[in-house]
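Pasted below: model_37.cif, mmCIF, C-alpha atoms.
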data_my_file
#
loop_
_atom_site.group_PDB
_atom_site.id
_atom_site.type_symbol
_atom_site.label_atom_id
_atom_site.label_comp_id
_atom_site.auth_asym_id
_atom_site.auth_seq_id
_atom_site.Cartn_x
_atom_site.Cartn_y
_atom_site.Cartn_z
ATOM 1 C CA MET A 1 0.000 0.000 0.000
ATOM 2 C CA PHE A 2 1.241 3.477 -0.867
ATOM 3 C CA PHE A 3 1.097 4.796 2.687
ATOM 4 C CA LEU A 4 3.432 2.151 4.089
ATOM 5 C CA ARG A 5 6.437 3.859 2.516
ATOM 6 C CA GLN A 6 8.343 5.508 5.329
ATOM 7 C CA LYS A 7 9.617 9.062 4.991
ATOM 8 C CA SER A 8 13.028 7.869 6.126
ATOM 9 C CA VAL A 9 14.629 4.637 7.203
ATOM 10 C CA ASP A 10 13.233 3.802 10.620
ATOM 11 C CA SER A 11 13.165 0.702 12.776
ATOM 12 C CA LYS A 12 9.410 0.978 13.334
ATOM 13 C CA ILE A 13 6.531 1.306 10.932
ATOM 14 C CA LEU A 14 3.808 3.319 12.614
ATOM 15 C CA ILE A 15 0.456 4.189 11.081
ATOM 16 C CA PHE A 16 -2.136 6.403 12.720
ATOM 17 C CA VAL A 17 -5.549 6.741 11.086
ATOM 18 C CA ILE A 18 -7.323 9.750 12.540
ATOM 19 C CA SER A 19 -10.965 10.630 12.073
ATOM 20 C CA VAL A 20 -14.046 12.079 13.629
ATOM 21 C CA GLY A 21 -16.281 9.505 15.302
ATOM 22 C CA ARG A 22 -18.903 7.648 13.237
ATOM 23 C CA SER A 23 -16.587 7.601 10.193
ATOM 24 C CA GLY A 24 -16.071 3.885 9.575
ATOM 25 C CA THR A 25 -13.046 3.302 11.794
ATOM 26 C CA THR A 26 -14.363 0.025 13.206
ATOM 27 C CA SER A 27 -14.666 -1.514 9.746
ATOM 28 C CA VAL A 28 -11.221 -0.328 8.650
ATOM 29 C CA ALA A 29 -9.665 -1.555 11.910
ATOM 30 C CA LEU A 30 -11.200 -5.003 11.482
ATOM 31 C CA ARG A 31 -10.145 -5.238 7.831
ATOM 32 C CA PHE A 32 -6.505 -4.264 8.447
ATOM 33 C CA GLY A 33 -5.917 -5.481 11.998
ATOM 34 C CA LEU A 34 -5.393 -2.012 13.452
ATOM 35 C CA THR A 35 -5.861 -1.239 17.123
ATOM 36 C CA HIS A 36 -9.220 0.517 17.372
ATOM 37 C CA GLU A 37 -10.002 2.936 20.181
ATOM 38 C CA PRO A 38 -8.426 0.741 22.862
ATOM 39 C CA ALA A 39 -9.466 2.958 25.780
ATOM 40 C CA LYS A 40 -12.673 4.778 26.551
ATOM 41 C CA GLY A 41 -12.447 8.536 26.834
ATOM 42 C CA ILE A 42 -9.491 10.767 26.165
ATOM 43 C CA THR A 43 -6.221 9.072 25.260
ATOM 44 C CA THR A 44 -2.794 10.373 26.309
ATOM 45 C CA LEU A 45 0.520 10.236 24.487
ATOM 46 C CA ALA A 46 1.906 8.011 27.254
ATOM 47 C CA GLU A 47 -0.909 5.490 26.693
ATOM 48 C CA VAL A 48 -0.251 5.345 22.949
ATOM 49 C CA LYS A 49 3.508 4.958 23.522
ATOM 50 C CA LYS A 50 2.822 2.087 25.909
ATOM 51 C CA ARG A 51 0.633 0.342 23.310
ATOM 52 C CA ILE A 52 3.372 0.734 20.685
ATOM 53 C CA GLY A 53 6.026 -0.641 23.024
ATOM 54 C CA ASP A 54 8.768 -2.420 21.118
ATOM 55 C CA LYS A 55 6.590 -3.522 18.192
ATOM 56 C CA SER A 56 8.217 -3.111 14.775
ATOM 57 C CA PHE A 57 4.799 -2.481 13.183
ATOM 58 C CA TYR A 58 1.899 -0.767 14.884
ATOM 59 C CA GLY A 59 -1.277 0.789 13.551
ATOM 60 C CA GLU A 60 -4.003 2.538 15.503
ATOM 61 C CA ILE A 61 -7.240 4.083 14.318
ATOM 62 C CA GLY A 62 -9.991 6.204 15.847
ATOM 63 C CA HIS A 63 -11.338 9.557 16.857
ATOM 64 C CA HIS A 64 -9.588 9.307 20.245
ATOM 65 C CA LEU A 65 -6.301 10.097 18.465
ATOM 66 C CA LEU A 66 -7.569 13.621 17.768
ATOM 67 C CA TYR A 67 -6.780 14.471 21.392
ATOM 68 C CA VAL A 68 -3.067 13.664 20.939
ATOM 69 C CA ALA A 69 -2.596 14.077 17.172
ATOM 70 C CA ARG A 70 -0.160 16.995 17.388
ATOM 71 C CA GLU A 71 1.855 15.298 20.138
ATOM 72 C CA LEU A 72 1.998 12.059 18.134
ATOM 73 C CA ARG A 73 3.241 13.964 15.076
ATOM 74 C CA GLN A 74 6.030 15.529 17.162
ATOM 75 C CA GLU A 75 6.956 12.265 18.912
ATOM 76 C CA TYR A 76 6.856 10.137 15.746
ATOM 77 C CA PRO A 77 7.747 12.394 12.792
ATOM 78 C CA ASN A 78 8.365 9.391 10.503
ATOM 79 C CA ALA A 79 5.008 7.769 11.195
ATOM 80 C CA VAL A 80 2.314 7.814 8.532
ATOM 81 C CA PHE A 81 -0.786 9.808 9.456
ATOM 82 C CA ILE A 82 -3.969 9.159 7.468
ATOM 83 C CA HIS A 83 -7.030 11.393 7.720
ATOM 84 C CA LEU A 84 -10.157 9.251 7.265
ATOM 85 C CA VAL A 85 -13.255 11.296 6.402
ATOM 86 C CA ARG A 86 -16.899 10.470 5.853
ATOM 87 C CA ASP A 87 -19.717 12.517 4.358
ATOM 88 C CA SER A 88 -20.567 15.049 7.079
ATOM 89 C CA ARG A 89 -24.300 14.543 6.606
ATOM 90 C CA LYS A 90 -23.929 10.830 7.346
ATOM 91 C CA VAL A 91 -21.751 11.496 10.392
ATOM 92 C CA VAL A 92 -24.244 14.003 11.785
ATOM 93 C CA LYS A 93 -27.165 11.610 11.165
ATOM 94 C CA SER A 94 -25.247 8.789 12.823
ATOM 95 C CA PHE A 95 -24.595 10.875 15.937
ATOM 96 C CA GLN A 96 -28.259 11.905 15.978
ATOM 97 C CA ARG A 97 -29.337 8.275 15.732
ATOM 98 C CA LEU A 98 -27.113 7.383 18.681
ATOM 99 C CA ASN A 99 -28.860 10.055 20.697
ATOM 100 C CA THR A 100 -25.891 10.193 23.027
ATOM 101 C CA ARG A 101 -23.908 13.161 24.231
ATOM 102 C CA ARG A 102 -20.130 13.277 24.288
ATOM 103 C CA ASP A 103 -18.246 14.458 27.337
ATOM 104 C CA ASN A 104 -18.908 18.092 28.245
ATOM 105 C CA VAL A 105 -16.107 19.592 26.191
ATOM 106 C CA TRP A 106 -15.226 17.429 23.203
ATOM 107 C CA LEU A 107 -12.278 18.798 21.218
ATOM 108 C CA GLY A 108 -12.906 22.180 22.785
ATOM 109 C CA VAL A 109 -16.496 22.342 21.491
ATOM 110 C CA LYS A 110 -18.504 23.530 24.454
ATOM 111 C CA GLU A 111 -22.085 22.644 25.282
ATOM 112 C CA THR A 112 -24.659 24.418 23.153
ATOM 113 C CA PRO A 113 -28.413 24.570 23.625
ATOM 114 C CA ASN A 114 -28.688 22.863 20.241
ATOM 115 C CA GLU A 115 -27.100 19.393 20.091
ATOM 116 C CA PHE A 116 -27.334 19.313 16.291
ATOM 117 C CA GLU A 117 -25.208 22.443 16.013
ATOM 118 C CA ARG A 118 -22.709 20.987 18.469
ATOM 119 C CA ILE A 119 -22.367 17.801 16.382
ATOM 120 C CA CYS A 120 -21.695 19.922 13.279
ATOM 121 C CA LYS A 121 -19.047 21.918 15.146
ATOM 122 C CA MET A 122 -17.398 18.716 16.427
ATOM 123 C CA TRP A 123 -17.196 17.330 12.872
ATOM 124 C CA LYS A 124 -15.556 20.522 11.665
ATOM 125 C CA LYS A 125 -13.123 20.860 14.596
ATOM 126 C CA GLY A 126 -12.048 17.203 14.440
ATOM 127 C CA ASN A 127 -11.340 17.425 10.728
ATOM 128 C CA GLU A 128 -9.391 20.675 11.177
ATOM 129 C CA ILE A 129 -7.145 18.924 13.716
ATOM 130 C CA ALA A 130 -6.645 15.927 11.413
ATOM 131 C CA GLU A 131 -5.857 18.195 8.435
ATOM 132 C CA GLY A 132 -3.089 19.798 10.469
ATOM 133 C CA VAL A 133 -1.172 16.561 11.116
ATOM 134 C CA CYS A 134 -2.065 14.014 8.440
ATOM 135 C CA ASP A 135 -0.078 13.155 5.326
ATOM 136 C CA VAL A 136 -2.999 11.996 3.218
ATOM 137 C CA ARG A 137 -6.790 12.111 3.306
ATOM 138 C CA VAL A 138 -8.969 9.143 2.363
ATOM 139 C CA ARG A 139 -12.742 9.309 2.051
ATOM 140 C CA ILE A 140 -14.374 6.212 3.529
ATOM 141 C CA GLU A 141 -16.701 6.013 0.529
ATOM 142 C CA ASP A 142 -13.727 5.849 -1.876
ATOM 143 C CA PHE A 143 -12.016 3.304 0.338
ATOM 144 C CA SER A 144 -15.169 1.205 0.377
ATOM 145 C CA ARG A 145 -15.501 1.360 -3.429
ATOM 146 C CA LEU A 146 -11.848 0.398 -3.837
ATOM 147 C CA LEU A 147 -12.298 -2.681 -1.669
ATOM 148 C CA THR A 148 -15.543 -3.592 -3.407
ATOM 149 C CA TYR A 149 -13.797 -3.254 -6.758
ATOM 150 C CA ALA A 150 -11.085 -5.592 -5.447
ATOM 151 C CA ASN A 151 -13.901 -8.072 -4.741
ATOM 152 C CA GLU A 152 -13.762 -7.579 -0.979
ATOM 153 C CA ARG A 153 -16.873 -7.597 1.158
ATOM 154 C CA VAL A 154 -16.521 -4.891 3.780
ATOM 155 C CA TYR A 155 -19.278 -3.383 5.899
ATOM 156 C CA PHE A 156 -19.010 0.391 6.337
ATOM 157 C CA GLY A 157 -21.966 1.088 8.569
ATOM 158 C CA LYS A 158 -25.710 1.172 8.202
ATOM 159 C CA VAL A 159 -27.359 3.402 5.668
ATOM 160 C CA HIS A 160 -29.273 5.987 7.624
ATOM 161 C CA ALA A 161 -32.815 6.840 6.660
ATOM 162 C CA ASP A 162 -32.960 10.030 4.666
ATOM 163 C CA VAL A 163 -34.900 11.997 7.252
ATOM 164 C CA PRO A 164 -35.017 15.629 6.183
ATOM 165 C CA TRP A 165 -33.476 18.195 8.495
ATOM 166 C CA THR A 166 -35.376 21.214 9.702
ATOM 167 C CA ALA A 167 -34.490 24.581 8.161
ATOM 168 C CA GLU A 168 -32.649 25.422 11.382
ATOM 169 C CA GLU A 169 -30.613 22.192 11.240
ATOM 170 C CA GLU A 170 -29.790 22.789 7.573
ATOM 171 C CA SER A 171 -28.593 26.284 8.492
ATOM 172 C CA TYR A 172 -26.347 24.945 11.291
ATOM 173 C CA TRP A 173 -24.905 22.339 8.916
ATOM 174 C CA GLU A 174 -24.242 24.900 6.176
ATOM 175 C CA TRP A 175 -22.571 27.287 8.627
ATOM 176 C CA ASN A 176 -20.348 24.659 10.284
ATOM 177 C CA CYS A 177 -19.744 21.886 7.752
ATOM 178 C CA LYS A 178 -20.608 22.775 4.173
ATOM 179 C CA ASP A 179 -17.356 24.441 2.993
ATOM 180 C CA MET A 180 -15.127 21.682 4.348
ATOM 181 C CA HIS A 181 -17.640 19.040 3.205
ATOM 182 C CA ASN A 182 -17.431 20.384 -0.370
ATOM 183 C CA ARG A 183 -13.634 20.683 -0.205
ATOM 184 C CA TYR A 184 -13.517 16.937 0.592
ATOM 185 C CA GLY A 185 -15.350 16.222 -2.669
ATOM 186 C CA TYR A 186 -18.895 15.762 -1.377
ATOM 187 C CA GLU A 187 -21.827 17.509 -3.017
#

Translate this file's structure into structure tokens.
Amino acid sequence: MFFLRQKSVDSKILIFVISVGRSGTTSVALRFGLTHEPAKGITTLAEVKKRIGDKSFYGEIGHHLLYVARELRQEYPNAVFIHLVRDSRKVVKSFQRLNTRRDNVWLGVKETPNEFERICKMWKKGNEIAEGVCDVRVRIEDFSRLLTYANERVYFGKVHADVPWTAEEESYWEWNCKDMHNRYGYE
């Protein structure tokens, strides 16, 4: 795979796949044998270093890496960082379907009276962090098509019912997500 080429000769091959939650990380982790969100809650650099240990190859995937992405980049400059993205509308719908709230301040996004707006802001903030540290961006939909083309059978989450958003929700989404969403190749 193209992303396994190291930037320099190194004794370890490290791959970190960073994404916002509800982006298909479980499926990718299962397919490629990556460590997936091994701890609940916020992860620390020390915890990731402990998981890496003396392994010559290590890959980890999940939204929890957003909390330590910049530190990981500094600690492991030769590691490969992949930004996994998913259509923002599907991520927002998936979070809505879960009907669960994240910890009080997730990625610096404070509580808002409107949970929908907060989900949109979290999607945007998480992707901004990942953009700042990752070497390459991969859309989960493209990844899925590639594997399907290669005759693989991979499950990338349930298709969410196309429940229309209210005008207010559409406005929150446009304000928080639309520009980045379009920049990632979604219409």

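Among A:Ile61, A:Ala130, A:Val138, A:Ala167, the residue with the shortest atom-to-atom distance to Gly185 (chain A), counting all atoms listed in the file, is A:Val138.
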
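By chain and then residue number, the residues within 9 Å of Val17 (chain A) are A:Thr25, A:Gly59, A:Glu60, A:Ile61, A:Gly62, A:His63, A:Leu65, A:Val80, A:Phe81, A:Ile82, A:His83, A:Leu84, A:Cys134, counting all atoms listed in the file and disregarding those fewer than 3 positions away in sequence.
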
Any chance you can output those residues with C-alpha atoms as a PDB file, keeping the file's coordinate frame?
ATOM      1  CA  THR A  25     -13.046   3.302  11.794  1.00  0.00           C
ATOM      2  CA  GLY A  59      -1.277   0.789  13.551  1.00  0.00           C
ATOM      3  CA  GLU A  60      -4.003   2.538  15.503  1.00  0.00           C
ATOM      4  CA  ILE A  61      -7.240   4.083  14.318  1.00  0.00           C
ATOM      5  CA  GLY A  62      -9.991   6.204  15.847  1.00  0.00           C
ATOM      6  CA  HIS A  63     -11.338   9.557  16.857  1.00  0.00           C
ATOM      7  CA  LEU A  65      -6.301  10.097  18.465  1.00  0.00           C
ATOM      8  CA  VAL A  80       2.314   7.814   8.532  1.00  0.00           C
ATOM      9  CA  PHE A  81      -0.786   9.808   9.456  1.00  0.00           C
ATOM     10  CA  ILE A  82      -3.969   9.159   7.468  1.00  0.00           C
ATOM     11  CA  HIS A  83      -7.030  11.393   7.720  1.00  0.00           C
ATOM     12  CA  LEU A  84     -10.157   9.251   7.265  1.00  0.00           C
ATOM     13  CA  CYS A 134      -2.065  14.014   8.440  1.00  0.00           C
TER      14      CYS A 134
END

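Using only C-alpha atoms, the shortest contact distance between Thr112 (chain A) and any of A:Tyr184, A:Tyr172, A:Tyr58, A:Phe143 is found at A:Tyr172.
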
- [ ] Could you tell me which residues the PyMOL selection byres ((chain A and resi 56) around 8) returns for this structure, as number ranges by chain?
- [x] A: 11-13, 54-55, 57-58

TODO: Please evaluate the PyMOL selection byres ((chain A and resi 69) around 8) against the displayed coordinates and give the resulting residues as a ChimeraX atom specification.
DONE: /A:18,65-68,70-73,129-130,133

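Once the PyMOL selection byres ((chain A and resi 121) around 9) is applied to the depicted file, the selected set reads A:Val109, A:Phe116, A:Glu117, A:Arg118, A:Ile119, A:Cys120, A:Met122, A:Trp123, A:Lys124, A:Lys125, A:Gly126, A:Tyr172, A:Trp173, A:Asn176, A:Cys177.
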
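One distance worth recording is that between CA of Lys178 (chain A) and CA of His64 (chain A), which is 23.7 Å.
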
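One finds CA of Ala79 (chain A) at 4.8 Å from CA of Leu14 (chain A).
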
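Candidate residues A:His36, A:Arg22, A:Arg139, A:Lys49 were compared for distance to Arg97 (chain A), and the nearest is A:Arg22, using all atoms listed in the file.
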
TODO: Check the smallest atom-to-atom distance from each of A:Asp142, A:Glu75, A:Phe32, A:Val136 to Leu45 (chain A) using only C-alpha atoms, then report the winner.
DONE: A:Glu75

Open item on the list: What does the structure give for the distance between CA of Pro77 (chain A) and CA of Arg183 (chain A), in Å to one decimal?
Closed with: 26.4 Å

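Closest approach to Pro164 (chain A) from the set A:Asn78, A:Thr26, A:Arg89, A:Arg51 is made by A:Arg89, with distances taken over all atoms listed in the file.
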